[in-house]
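J.: Provided below: entry_15.cif, containing mmCIF, C-alpha atoms.
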```cif
data_run
#
loop_
_atom_site.label_atom_id
_atom_site.label_comp_id
_atom_site.auth_asym_id
_atom_site.auth_seq_id
_atom_site.Cartn_x
_atom_site.Cartn_y
_atom_site.Cartn_z
CA MET F 18 76.74 -14.15 30.00
CA ILE F 19 74.97 -11.41 31.96
CA THR F 20 74.46 -12.60 35.54
CA ARG F 21 71.68 -11.35 37.83
CA ARG F 22 74.29 -9.49 39.93
CA THR F 23 75.69 -7.75 36.83
CA PHE F 24 72.18 -6.77 35.76
CA VAL F 25 71.19 -5.40 39.19
CA THR F 26 74.46 -3.46 39.50
CA ALA F 27 74.04 -1.94 36.05
CA ALA F 28 70.40 -1.09 36.70
CA GLY F 29 71.30 0.56 39.98
CA ALA F 30 73.94 2.67 38.28
CA LEU F 31 71.48 3.62 35.57
CA LEU F 32 68.83 4.69 38.08
CA ALA F 33 71.38 6.73 39.99
CA MET F 34 72.13 8.84 36.91
CA PRO F 35 70.31 12.16 36.39
CA ALA F 36 67.14 11.82 34.34
CA ILE F 37 68.49 13.83 31.43
CA ALA F 38 71.49 11.48 31.17
CA ARG F 39 69.32 8.36 31.33
CA TRP F 40 66.91 9.47 28.66
CA GLY F 41 68.82 11.89 26.47
CA VAL F 42 68.77 15.65 26.05
CA GLY F 43 65.26 17.08 26.30
CA ARG F 44 63.86 14.02 28.04
CA ALA F 45 62.36 15.01 31.39
CA LEU F 46 61.64 11.92 33.43
CA ALA F 47 60.95 12.59 37.09
CA ALA F 48 62.50 10.15 39.55
CA ALA F 49 59.09 9.53 41.17
CA PRO F 50 55.47 9.95 40.07
CA ILE F 51 54.48 13.62 39.83
CA ARG F 52 51.53 14.22 42.14
CA VAL F 53 48.85 16.29 40.40
CA GLY F 54 45.86 17.60 42.34
CA ILE F 55 42.73 18.51 40.37
CA ILE F 56 39.16 19.54 41.04
CA PRO F 57 36.90 17.38 38.81
CA VAL F 58 35.44 20.17 36.67
CA LEU F 59 35.79 20.85 32.97
CA GLY F 60 38.28 23.65 33.59
CA ALA F 61 40.80 20.93 34.44
CA ALA F 62 40.26 19.30 31.02
CA PRO F 63 43.55 20.49 29.42
CA ALA F 64 45.60 18.69 32.08
CA ILE F 65 43.45 15.58 31.69
CA VAL F 66 43.71 15.62 27.88
CA MET F 67 47.47 16.17 28.06
CA ASN F 68 47.76 13.02 30.17
CA GLY F 69 45.25 11.06 28.08
CA GLU F 70 47.07 11.85 24.84
CA GLY F 71 50.24 10.47 26.41
CA TRP F 72 52.18 13.71 26.00
CA GLY F 73 53.41 13.52 29.57
CA LYS F 74 54.57 9.96 29.07
CA ASP F 75 56.25 10.94 25.80
CA ALA F 76 58.26 13.48 27.81
CA GLY F 77 59.22 10.78 30.30
CA LEU F 78 56.76 11.85 33.01
CA GLU F 79 54.66 9.66 35.24
CA LEU F 80 51.68 11.66 36.47
CA SER F 81 49.56 10.58 39.43
CA PHE F 82 46.20 12.40 39.68
CA VAL F 83 44.37 13.03 42.96
CA THR F 84 40.95 14.71 43.04
CA PHE F 85 39.93 17.36 45.58
CA GLU F 86 36.61 19.02 46.44
CA SER F 87 38.02 22.53 46.69
CA GLY F 88 41.06 24.72 46.10
CA PRO F 89 41.68 25.44 49.81
CA ASN F 90 41.92 21.70 50.52
CA MET F 91 44.47 21.39 47.74
CA ILE F 92 46.43 24.34 49.16
CA GLN F 93 46.87 22.37 52.39
CA ALA F 94 48.31 19.46 50.39
CA LEU F 95 50.67 21.82 48.56
CA ALA F 96 51.80 23.38 51.84
CA SER F 97 52.48 19.97 53.38
CA GLY F 98 54.55 18.85 50.38
CA THR F 99 52.20 16.06 49.32
CA LEU F 100 51.38 17.70 45.96
CA ASP F 101 53.64 18.86 43.14
CA VAL F 102 51.10 20.30 40.73
CA TYR F 103 47.91 22.26 41.47
CA VAL F 104 45.11 22.29 38.86
CA ALA F 105 42.30 24.39 40.31
CA GLY F 106 41.10 27.96 40.78
CA VAL F 107 43.66 30.75 41.01
CA ALA F 108 41.86 32.69 43.76
CA PRO F 109 43.32 30.87 46.82
CA LEU F 110 46.90 30.96 45.53
CA ALA F 111 47.72 34.63 46.20
CA VAL F 112 46.61 34.22 49.82
CA ALA F 113 48.55 30.98 50.14
CA ARG F 114 51.71 32.56 48.73
CA ALA F 115 51.40 35.53 51.09
CA LYS F 116 51.20 33.04 53.96
CA GLY F 117 54.42 31.29 52.98
CA VAL F 118 53.32 28.60 50.52
CA ASP F 119 55.89 28.57 47.72
CA VAL F 120 53.86 28.24 44.51
CA LYS F 121 53.99 29.57 40.94
CA VAL F 122 51.17 29.82 38.38
CA ALA F 123 52.58 28.71 35.03
CA THR F 124 49.53 28.61 32.76
CA ALA F 125 45.80 29.11 32.73
CA THR F 126 43.42 26.46 31.41
CA ALA F 127 40.00 28.15 31.39
CA ILE F 128 38.27 31.43 32.21
CA GLU F 129 34.68 32.52 32.86
CA GLU F 130 33.77 29.00 34.03
CA MET F 131 30.85 29.87 36.29
CA SER F 132 27.37 30.33 34.79
CA MET F 133 24.10 31.23 36.46
CA VAL F 134 21.43 28.60 35.80
CA ALA F 135 17.83 29.18 36.85
CA GLY F 136 15.50 26.32 37.73
CA PRO F 137 12.07 26.02 36.07
CA LYS F 138 10.11 28.40 38.33
CA LEU F 139 12.75 31.12 38.38
CA ALA F 140 13.61 30.70 34.69
CA ALA F 141 9.97 31.45 33.83
CA GLU F 142 10.47 34.97 35.20
CA PHE F 143 13.44 35.67 32.90
CA LYS F 144 11.41 36.91 29.94
CA ASP F 145 12.34 39.12 27.01
CA GLY F 146 12.43 42.73 28.10
CA VAL F 147 12.62 41.81 31.79
CA SER F 148 15.91 42.59 33.55
CA PRO F 149 17.47 40.02 35.91
CA ALA F 150 16.69 42.27 38.89
CA GLU F 151 13.04 42.48 37.82
CA ALA F 152 12.90 38.71 37.28
CA LEU F 153 14.16 38.07 40.81
CA ALA F 154 11.74 40.63 42.24
CA ASN F 155 8.83 39.13 40.29
CA PHE F 156 9.69 35.66 41.60
CA ARG F 157 9.56 36.90 45.19
CA LYS F 158 6.21 38.61 44.57
CA ALA F 159 4.74 35.48 42.98
CA SER F 160 6.10 32.95 45.49
CA GLY F 161 6.22 35.05 48.62
CA LYS F 162 9.85 34.14 49.26
CA PRO F 163 13.29 35.08 47.92
CA ALA F 164 14.90 32.96 45.22
CA ARG F 165 17.32 30.48 46.79
CA LEU F 166 20.55 30.40 44.80
CA ALA F 167 23.11 27.68 45.51
CA THR F 168 26.82 28.29 45.24
CA GLN F 169 30.05 27.42 47.03
CA PRO F 170 31.02 28.99 50.40
CA ALA F 171 31.97 32.65 50.89
CA GLY F 172 35.38 33.53 49.46
CA SER F 173 35.19 30.99 46.65
CA VAL F 174 35.20 32.06 42.98
CA PRO F 175 31.61 30.76 42.43
CA ASN F 176 30.31 32.71 45.44
CA THR F 177 32.20 35.88 44.53
CA THR F 178 31.08 35.65 40.91
CA LEU F 179 27.45 35.19 41.91
CA GLN F 180 27.50 38.16 44.27
CA HIS F 181 29.25 40.34 41.68
CA TRP F 182 26.54 39.51 39.15
CA LEU F 183 23.70 40.06 41.63
CA TRP F 184 24.80 43.33 43.20
CA GLU F 185 27.09 44.96 40.62
CA VAL F 186 25.72 43.78 37.25
CA ALA F 187 22.04 42.93 37.77
CA LYS F 188 21.60 45.48 40.60
CA ALA F 189 19.25 43.05 42.37
CA GLN F 190 17.70 43.77 45.74
CA LYS F 191 19.08 41.69 48.59
CA ALA F 192 15.57 40.95 49.85
CA ASP F 193 14.87 39.09 46.60
CA VAL F 194 17.69 36.56 46.99
CA GLU F 195 18.88 33.97 49.51
CA ILE F 196 22.41 32.68 48.84
CA VAL F 197 22.78 29.04 49.93
CA PRO F 198 26.42 27.84 50.22
CA MET F 199 27.16 24.15 49.61
CA GLY F 200 29.63 21.83 47.90
CA ILE F 201 30.04 21.43 44.14
CA ASP F 202 28.15 18.13 43.79
CA ALA F 203 25.47 19.22 46.26
CA THR F 204 24.86 22.40 44.24
CA GLN F 205 24.10 20.41 41.10
CA GLN F 206 21.83 18.00 42.97
CA ALA F 207 19.97 20.82 44.73
CA LEU F 208 19.19 22.42 41.37
CA LEU F 209 18.08 19.13 39.79
CA THR F 210 15.78 18.25 42.70
CA GLY F 211 14.25 21.71 42.99
CA ALA F 212 15.70 22.31 46.45
CA VAL F 213 16.93 25.70 45.16
CA GLU F 214 15.66 28.01 42.43
CA GLY F 215 19.02 28.59 40.79
CA ALA F 216 22.74 27.95 41.06
CA THR F 217 26.17 28.95 39.84
CA ILE F 218 27.64 25.88 38.19
CA ARG F 219 30.40 24.95 35.74
CA GLU F 220 30.47 22.63 32.80
CA PRO F 221 29.74 19.74 32.49
CA ALA F 222 27.09 20.41 35.16
CA VAL F 223 25.52 23.13 32.97
CA THR F 224 25.00 20.67 30.12
CA ILE F 225 23.81 17.92 32.48
CA VAL F 226 21.12 19.96 34.26
CA THR F 227 19.81 21.63 31.10
CA LYS F 228 19.74 18.29 29.27
CA ARG F 229 17.88 16.49 32.06
CA ASP F 230 15.30 19.25 32.34
CA PRO F 231 15.20 21.79 29.48
CA ARG F 232 13.23 24.12 31.76
CA ASN F 233 16.52 24.75 33.57
CA ARG F 234 18.04 27.68 31.72
CA VAL F 235 21.31 29.58 31.61
CA VAL F 236 20.43 33.18 32.45
CA ALA F 237 23.98 34.56 32.64
CA LEU F 238 27.24 33.25 31.20
CA GLY F 239 30.53 33.71 33.02
CA GLY F 240 31.66 36.73 31.02
CA ALA F 241 28.48 38.60 31.90
CA MET F 242 28.82 37.73 35.59
CA PHE F 243 32.48 38.73 35.95
CA PRO F 244 34.47 39.63 32.79
CA ASN F 245 37.58 37.45 32.31
CA GLN F 246 36.52 35.65 35.47
CA PRO F 247 39.73 33.92 36.61
CA GLY F 248 39.29 30.19 36.59
CA THR F 249 41.40 27.05 36.63
CA VAL F 250 45.19 27.28 36.40
CA VAL F 251 48.20 24.99 36.52
CA ALA F 252 50.59 25.90 39.33
CA PHE F 253 53.72 24.21 40.66
CA SER F 254 55.11 23.94 44.16
CA GLY F 255 58.46 25.64 44.71
CA ASN F 256 60.04 22.34 45.73
CA PHE F 257 58.93 20.68 42.50
CA LEU F 258 60.31 23.53 40.37
CA ALA F 259 63.62 23.37 42.19
CA ARG F 260 63.74 19.62 41.72
CA ASP F 261 62.65 19.29 38.08
CA ARG F 262 61.96 22.47 36.12
CA ALA F 263 62.22 20.50 32.86
CA ALA F 264 59.29 18.32 33.94
CA ALA F 265 57.27 21.44 34.76
CA GLN F 266 57.98 22.81 31.27
CA ALA F 267 56.91 19.50 29.72
CA ILE F 268 53.60 19.68 31.60
CA VAL F 269 52.95 23.25 30.41
CA ASN F 270 53.87 22.25 26.86
CA GLY F 271 51.27 19.50 27.03
CA VAL F 272 48.60 21.72 28.58
CA VAL F 273 49.05 24.39 25.89
CA LYS F 274 48.75 21.69 23.19
CA ALA F 275 45.67 20.29 24.94
CA VAL F 276 43.91 23.67 24.96
CA ALA F 277 44.43 23.86 21.20
CA LEU F 278 43.22 20.27 20.73
CA ILE F 279 40.05 20.83 22.78
CA LYS F 280 39.18 23.82 20.58
CA SER F 281 40.01 22.16 17.27
CA ASN F 282 38.97 18.55 17.87
CA PRO F 283 36.56 18.06 20.81
CA ASP F 284 35.68 14.58 19.48
CA ARG F 285 39.24 13.47 20.17
CA ALA F 286 39.48 15.21 23.54
CA ALA F 287 36.13 14.12 25.00
CA PRO F 288 36.94 10.42 25.68
CA HIS F 289 39.95 11.35 27.83
CA ILE F 290 37.81 13.67 29.94
CA GLU F 291 34.98 11.15 30.22
CA ALA F 292 37.41 8.53 31.46
CA MET F 293 38.44 10.71 34.41
CA LEU F 294 35.42 12.93 35.10
CA GLY F 295 32.55 10.84 33.76
CA LYS F 296 33.39 7.56 35.48
CA GLY F 297 30.44 5.87 33.78
CA ILE F 298 27.99 8.56 34.97
CA VAL F 299 28.51 11.20 32.29
CA ASP F 300 28.80 9.91 28.72
CA VAL F 301 31.15 11.09 26.00
CA ALA F 302 28.37 12.88 24.11
CA THR F 303 27.61 15.00 27.16
CA ILE F 304 31.30 15.81 27.63
CA LYS F 305 31.59 16.83 23.97
CA ALA F 306 28.54 19.06 24.28
CA ALA F 307 30.05 20.64 27.38
CA LEU F 308 33.36 21.28 25.60
CA THR F 309 31.59 23.14 22.78
CA SER F 310 29.12 24.92 25.08
CA PRO F 311 29.06 28.74 25.27
CA ALA F 312 29.78 28.21 28.98
CA SER F 313 33.23 26.77 28.18
CA LYS F 314 36.13 29.08 27.40
CA PHE F 315 39.57 27.47 27.34
CA VAL F 316 42.57 29.82 27.53
CA ALA F 317 46.21 28.99 28.25
CA ASP F 318 47.87 32.43 28.48
CA PRO F 319 48.21 33.30 32.21
CA ASP F 320 48.40 37.03 31.39
CA VAL F 321 44.69 36.95 30.56
CA ILE F 322 43.74 36.44 34.20
CA VAL F 323 46.23 38.62 36.09
CA ASP F 324 44.12 41.79 36.12
CA ALA F 325 40.90 39.86 36.70
CA THR F 326 42.48 38.03 39.66
CA ARG F 327 43.42 41.38 41.18
CA GLU F 328 39.90 42.72 40.58
CA MET F 329 38.33 39.62 42.12
CA GLN F 330 40.48 40.02 45.23
CA ALA F 331 39.39 43.65 45.53
CA TYR F 332 35.75 42.59 45.31
CA GLN F 333 36.24 39.86 47.91
CA VAL F 334 37.61 42.52 50.25
CA LYS F 335 34.52 44.64 49.55
CA LEU F 336 32.30 41.66 50.40
CA GLY F 337 34.27 40.97 53.58
CA SER F 338 35.21 37.43 52.53
CA LEU F 339 38.88 38.44 52.29
CA ASP F 340 40.62 40.51 54.96
CA LYS F 341 42.82 42.43 52.52
CA GLU F 342 44.24 42.35 49.00
CA TYR F 343 47.27 40.13 48.67
CA PRO F 344 50.08 41.02 46.24
CA LEU F 345 50.31 39.05 43.03
CA ASP F 346 54.00 39.89 42.59
CA GLY F 347 55.90 36.67 41.96
CA LEU F 348 52.79 34.48 41.78
CA PHE F 349 52.67 34.28 37.97
CA ASP F 350 55.58 32.96 35.91
CA ARG F 351 54.75 33.38 32.22
CA SER F 352 58.10 32.02 31.06
CA PHE F 353 56.76 28.45 30.87
CA TYR F 354 53.85 29.48 28.68
CA LYS F 355 56.05 31.67 26.50
CA LYS F 356 58.51 28.84 25.92
CA ALA F 357 55.69 26.41 25.16
CA VAL F 358 54.22 28.74 22.53
CA GLU F 359 57.58 29.51 20.97
CA GLY F 360 58.39 25.82 20.86
#
```
Could you express the structure from this file as structure tokens?

T.:
Amino acid sequence: MITRRTFVTAAGALLAMPAIARWGVGRALAAAPIRVGIIPVLGAAPAIVMNGEGWGKDAGLELSFVTFESGPNMIQALASGTLDVYVAGVAPLAVARAKGVDVKVATATAIEEMSMVAGPKLAAEFKDGVSPAEALANFRKASGKPARLATQPAGSVPNTTLQHWLWEVAKAQKADVEIVPMGIDATQQALLTGAVEGATIREPAVTIVTKRDPRNRVVALGGAMFPNQPGTVVAFSGNFLARDRAAAQAIVNGVVKAVALIKSNPDRAAPHIEAMLGKGIVDVATIKAALTSPASKFVADPDVIVDATREMQAYQVKLGSLDKEYPLDGLFDRSFYKKAVEG
């Protein structure tokens, strides 16, 4: 007969064994929940789908998701050791690494996430044969004031992308535009309520605002604003990699599979995303539309964003939102992605 003492002793011995011994070769069960920080935007969808499909659990992982409003806030959590995995924009990571935060980018999830959406009054000026600079100038002439464009604070990818489009692509006049920095949710609300004339937003916000009022119109997709615009990535803290590299590989494997699933079967992927991002506010149909939108571009290969990350840093220096360019050496580790694809 197995007594309670025998059971507890055996269980204790089992738990003391390394994960790979407990669960067999190739099984990568972390000893504690893996803490994953995400920003609730569609660029994080591959990580969400990976978890929703149970691929993390199949690999023996227990993932605990925590949402953040911005990448810099998540960097603080990484630096303090309260996060293992970072799922957010790549832009803050080079600076963080240069300042001593041990972090590695293992895979991308999406690029060219930001789109420029004009509200009804501004959208009316974007006519065939009229350049964006002319449309903005015509709005100021008609209204007597510059177009107010909402985006995130200086130094963020949305802000940098907007300014790159305005000054380098559209060649707009600064007198025709007022940039209004605010949070992600506030940006969407400001556009919907008419508090601003336009905004840089991501999916699913693009689908939401254009669905609620068809007069809201996408006037520039991400690729036109900043080619290969670096977006959301999956990065790991140095401590987590040292502790459980096999778990990190399992996460990348799942993310790469999820990118493929989102592209091939958005019907299957959408409910997982709705469960985490929709929370009863955004329905599955809207999520599916956002996944198949021209504003969504899911990419797993981290090599795609290396040059664009360097170019974005250089432009941030030009704008004065970054003091200098920070080296990308050692920030990207493509070996996880390569192994996932080969596997």

J.: Counting all atoms listed in the file, I want the residues whose atoms come within 12 Å of (20.2, 18.6, 42.2) in the file frame, returned as a ChimeraX atom specification.

T.: /F:134,136,167,199-216,218,222-223,225-227,229-230,233

J.: Where does segment 148-214 of chain F meet segment 117-130 of chain F within 12 Å, residue by residue, with the nearest atom pair and distance in Å to one decimal for each, counting all atoms listed in the file, listed by chain and rising number, as CSV?

T.:
```
residue,atom,partner,partner_atom,distance
F:Val174,CA,F:Glu130,CA,9.6
F:Pro175,CA,F:Glu130,CA,8.9
F:Thr178,CA,F:Glu129,CA,9.4
F:Leu179,CA,F:Glu130,CA,11.8
```

J.: Between atom CA of Gln246 of chain F and atom CA of Arg351 of chain F, measure the distance and give it in Å to one decimal.

T.: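 It comes out at 18.7 Å.
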
J.: What is the distance, in Å and to one decimal place, between atom CA of Ala164 of chain F and atom CA of Arg232 of chain F?

T.: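 Spanning atom CA of Ala164 of chain F to atom CA of Arg232 of chain F is a straight-line distance of 16.2 Å.
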
J.: One decimal, Å: what's the distance from atom CA of Val107 of chain F over to atom CA of Leu336 of chain F, could you say?

T.: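 A separation of 18.3 Å between them.
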
J.: When you count all atoms listed in the file, which of these residues is closest to Asn282 of chain F: F:Val104, F:Leu308, F:Ala94, F:Ala150?

T.: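 When distances to Asn282 of chain F are compared using all atoms listed in the file, the smallest one comes from F:Leu308.
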
J.: Using only C-alpha atoms, find the one residue out of F:Phe315, F:Phe82, F:Phe156, F:Trp182 that sits nearest to Arg52 of chain F.

T.: F:Phe82

J.: Could you list, as a list in words, every residue matched by the PyMOL selection byres ((chain F and resi 261-274) around 6) in this structure?

T.: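 Taken over the shown coordinates, the PyMOL selection byres ((chain F and resi 261-274) around 6) returns Ala45, Pro63, Ala64, Met67, Trp72, Phe257, Leu258, Ala259, Arg260, Ala275, Val276, Ala277, Ala317, Phe353 and Ala357 of chain F.
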
J.: Which one is closest to Thr224 of chain F: F:Ala49, F:Val299, F:Glu185, F:Ala108? Count all atoms listed in the file.

T.: F:Val299

J.: Spell out the residues picked by the PyMOL selection byres ((chain F and resi 284) around 12) here, as a PyMOL selection string.

T.: chain F and resi 66+278-283+285-291+301-309

J.: Excluding same-chain residues fewer than 3 positions from Asp346 of chain F, what lies within 10 Å of it counting only C-alpha atoms, as a list in words?

T.: Ala111, Arg114, Ala115, Tyr343, Phe349 and Asp350 of chain F

J.: Restricting the calculation to all atoms listed in the file, which member of F:Val112, F:Met131, F:Met293, F:Ala159 is positioned closest to Glu220 of chain F?

T.: F:Met131

J.: Taking into account all atoms listed in the file, which residue in the set F:Gly98, F:Pro89, F:Pro137, F:Gly73 is nearest to Phe253 of chain F?

T.: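 Between F:Gly98, F:Pro89, F:Pro137, F:Gly73, the residue approaching Phe253 of chain F most closely is F:Gly98.
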
J.: For Pro319 of chain F, which of F:Ser352, F:Ser87, F:Gln169, F:Thr177 is the closest residue, counting only C-alpha atoms?

T.: F:Ser352

J.: Using the file's own x, y and z axes, what box holds all listed atoms of segment 95-99 of chain F with 6 Å on each side, keeping edges along x, y and z, and what are its centre and edge lengths in Å to one decimal, as AutoDock Vina command-line options?

T.:
```
--center_x 52.6 --center_y 19.7 --center_z 51.0 --size_x 15.9 --size_y 19.3 --size_z 16.8
```

J.: All heavy atoms for segment 56-66 of chain F, written as a PDB file, keeping the file's coordinate frame, could you do that?

T.:
```
ATOM      1  N   ILE F  56      40.570  19.533  40.691  1.00  0.00           N
ATOM      2  CA  ILE F  56      39.160  19.540  41.040  1.00  0.00           C
ATOM      3  C   ILE F  56      38.418  19.013  39.816  1.00  0.00           C
ATOM      4  O   ILE F  56      38.675  19.455  38.696  1.00  0.00           O
ATOM      5  CB  ILE F  56      38.686  20.961  41.415  1.00  0.00           C
ATOM      6  CG1 ILE F  56      39.378  21.397  42.709  1.00  0.00           C
ATOM      7  CG2 ILE F  56      37.172  21.002  41.592  1.00  0.00           C
ATOM      8  CD1 ILE F  56      39.014  22.781  43.172  1.00  0.00           C
ATOM      9  N   PRO F  57      37.522  18.034  39.977  1.00  0.00           N
ATOM     10  CA  PRO F  57      36.900  17.380  38.810  1.00  0.00           C
ATOM     11  C   PRO F  57      35.847  18.240  38.131  1.00  0.00           C
ATOM     12  O   PRO F  57      34.646  17.997  38.207  1.00  0.00           O
ATOM     13  CB  PRO F  57      36.297  16.116  39.429  1.00  0.00           C
ATOM     14  CG  PRO F  57      36.030  16.480  40.851  1.00  0.00           C
ATOM     15  CD  PRO F  57      37.130  17.422  41.252  1.00  0.00           C
ATOM     16  N   VAL F  58      36.310  19.299  37.459  1.00  0.00           N
ATOM     17  CA  VAL F  58      35.440  20.170  36.670  1.00  0.00           C
ATOM     18  C   VAL F  58      36.074  20.303  35.284  1.00  0.00           C
ATOM     19  O   VAL F  58      37.251  19.974  35.087  1.00  0.00           O
ATOM     20  CB  VAL F  58      35.277  21.555  37.323  1.00  0.00           C
ATOM     21  CG1 VAL F  58      34.549  21.436  38.657  1.00  0.00           C
ATOM     22  CG2 VAL F  58      36.628  22.244  37.526  1.00  0.00           C
ATOM     23  N   LEU F  59      35.306  20.824  34.344  1.00  0.00           N
ATOM     24  CA  LEU F  59      35.790  20.850  32.970  1.00  0.00           C
ATOM     25  C   LEU F  59      36.968  21.798  32.781  1.00  0.00           C
ATOM     26  O   LEU F  59      37.739  21.643  31.836  1.00  0.00           O
ATOM     27  CB  LEU F  59      34.645  21.241  32.025  1.00  0.00           C
ATOM     28  CG  LEU F  59      34.771  20.675  30.610  1.00  0.00           C
ATOM     29  CD1 LEU F  59      34.670  19.156  30.618  1.00  0.00           C
ATOM     30  CD2 LEU F  59      33.714  21.263  29.689  1.00  0.00           C
ATOM     31  N   GLY F  60      37.128  22.753  33.681  1.00  0.00           N
ATOM     32  CA  GLY F  60      38.280  23.650  33.590  1.00  0.00           C
ATOM     33  C   GLY F  60      39.603  22.921  33.705  1.00  0.00           C
ATOM     34  O   GLY F  60      40.634  23.413  33.226  1.00  0.00           O
ATOM     35  N   ALA F  61      39.583  21.733  34.317  1.00  0.00           N
ATOM     36  CA  ALA F  61      40.800  20.930  34.440  1.00  0.00           C
ATOM     37  C   ALA F  61      41.057  20.075  33.199  1.00  0.00           C
ATOM     38  O   ALA F  61      42.061  19.357  33.128  1.00  0.00           O
ATOM     39  CB  ALA F  61      40.703  20.016  35.667  1.00  0.00           C
ATOM     40  N   ALA F  62      40.184  20.168  32.192  1.00  0.00           N
ATOM     41  CA  ALA F  62      40.260  19.300  31.020  1.00  0.00           C
ATOM     42  C   ALA F  62      41.618  19.338  30.306  1.00  0.00           C
ATOM     43  O   ALA F  62      42.111  18.285  29.884  1.00  0.00           O
ATOM     44  CB  ALA F  62      39.142  19.636  30.040  1.00  0.00           C
ATOM     45  N   PRO F  63      42.262  20.508  30.133  1.00  0.00           N
ATOM     46  CA  PRO F  63      43.550  20.490  29.420  1.00  0.00           C
ATOM     47  C   PRO F  63      44.592  19.585  30.073  1.00  0.00           C
ATOM     48  O   PRO F  63      45.346  18.898  29.374  1.00  0.00           O
ATOM     49  CB  PRO F  63      43.973  21.959  29.435  1.00  0.00           C
ATOM     50  CG  PRO F  63      42.678  22.703  29.413  1.00  0.00           C
ATOM     51  CD  PRO F  63      41.786  21.901  30.330  1.00  0.00           C
ATOM     52  N   ALA F  64      44.644  19.565  31.401  1.00  0.00           N
ATOM     53  CA  ALA F  64      45.600  18.690  32.080  1.00  0.00           C
ATOM     54  C   ALA F  64      45.223  17.224  31.872  1.00  0.00           C
ATOM     55  O   ALA F  64      46.087  16.357  31.697  1.00  0.00           O
ATOM     56  CB  ALA F  64      45.648  19.019  33.566  1.00  0.00           C
ATOM     57  N   ILE F  65      43.931  16.954  31.883  1.00  0.00           N
ATOM     58  CA  ILE F  65      43.450  15.580  31.690  1.00  0.00           C
ATOM     59  C   ILE F  65      43.732  15.108  30.267  1.00  0.00           C
ATOM     60  O   ILE F  65      44.183  13.982  30.034  1.00  0.00           O
ATOM     61  CB  ILE F  65      41.940  15.500  32.004  1.00  0.00           C
ATOM     62  CG1 ILE F  65      41.700  15.812  33.487  1.00  0.00           C
ATOM     63  CG2 ILE F  65      41.378  14.140  31.635  1.00  0.00           C
ATOM     64  CD1 ILE F  65      40.242  16.040  33.831  1.00  0.00           C
ATOM     65  N   VAL F  66      43.473  15.976  29.287  1.00  0.00           N
ATOM     66  CA  VAL F  66      43.710  15.620  27.880  1.00  0.00           C
ATOM     67  C   VAL F  66      45.199  15.432  27.622  1.00  0.00           C
ATOM     68  O   VAL F  66      45.608  14.500  26.916  1.00  0.00           O
ATOM     69  CB  VAL F  66      43.120  16.712  26.961  1.00  0.00           C
ATOM     70  CG1 VAL F  66      43.562  16.490  25.511  1.00  0.00           C
ATOM     71  CG2 VAL F  66      41.599  16.710  27.053  1.00  0.00           C
TER      72      VAL F  66
END
```
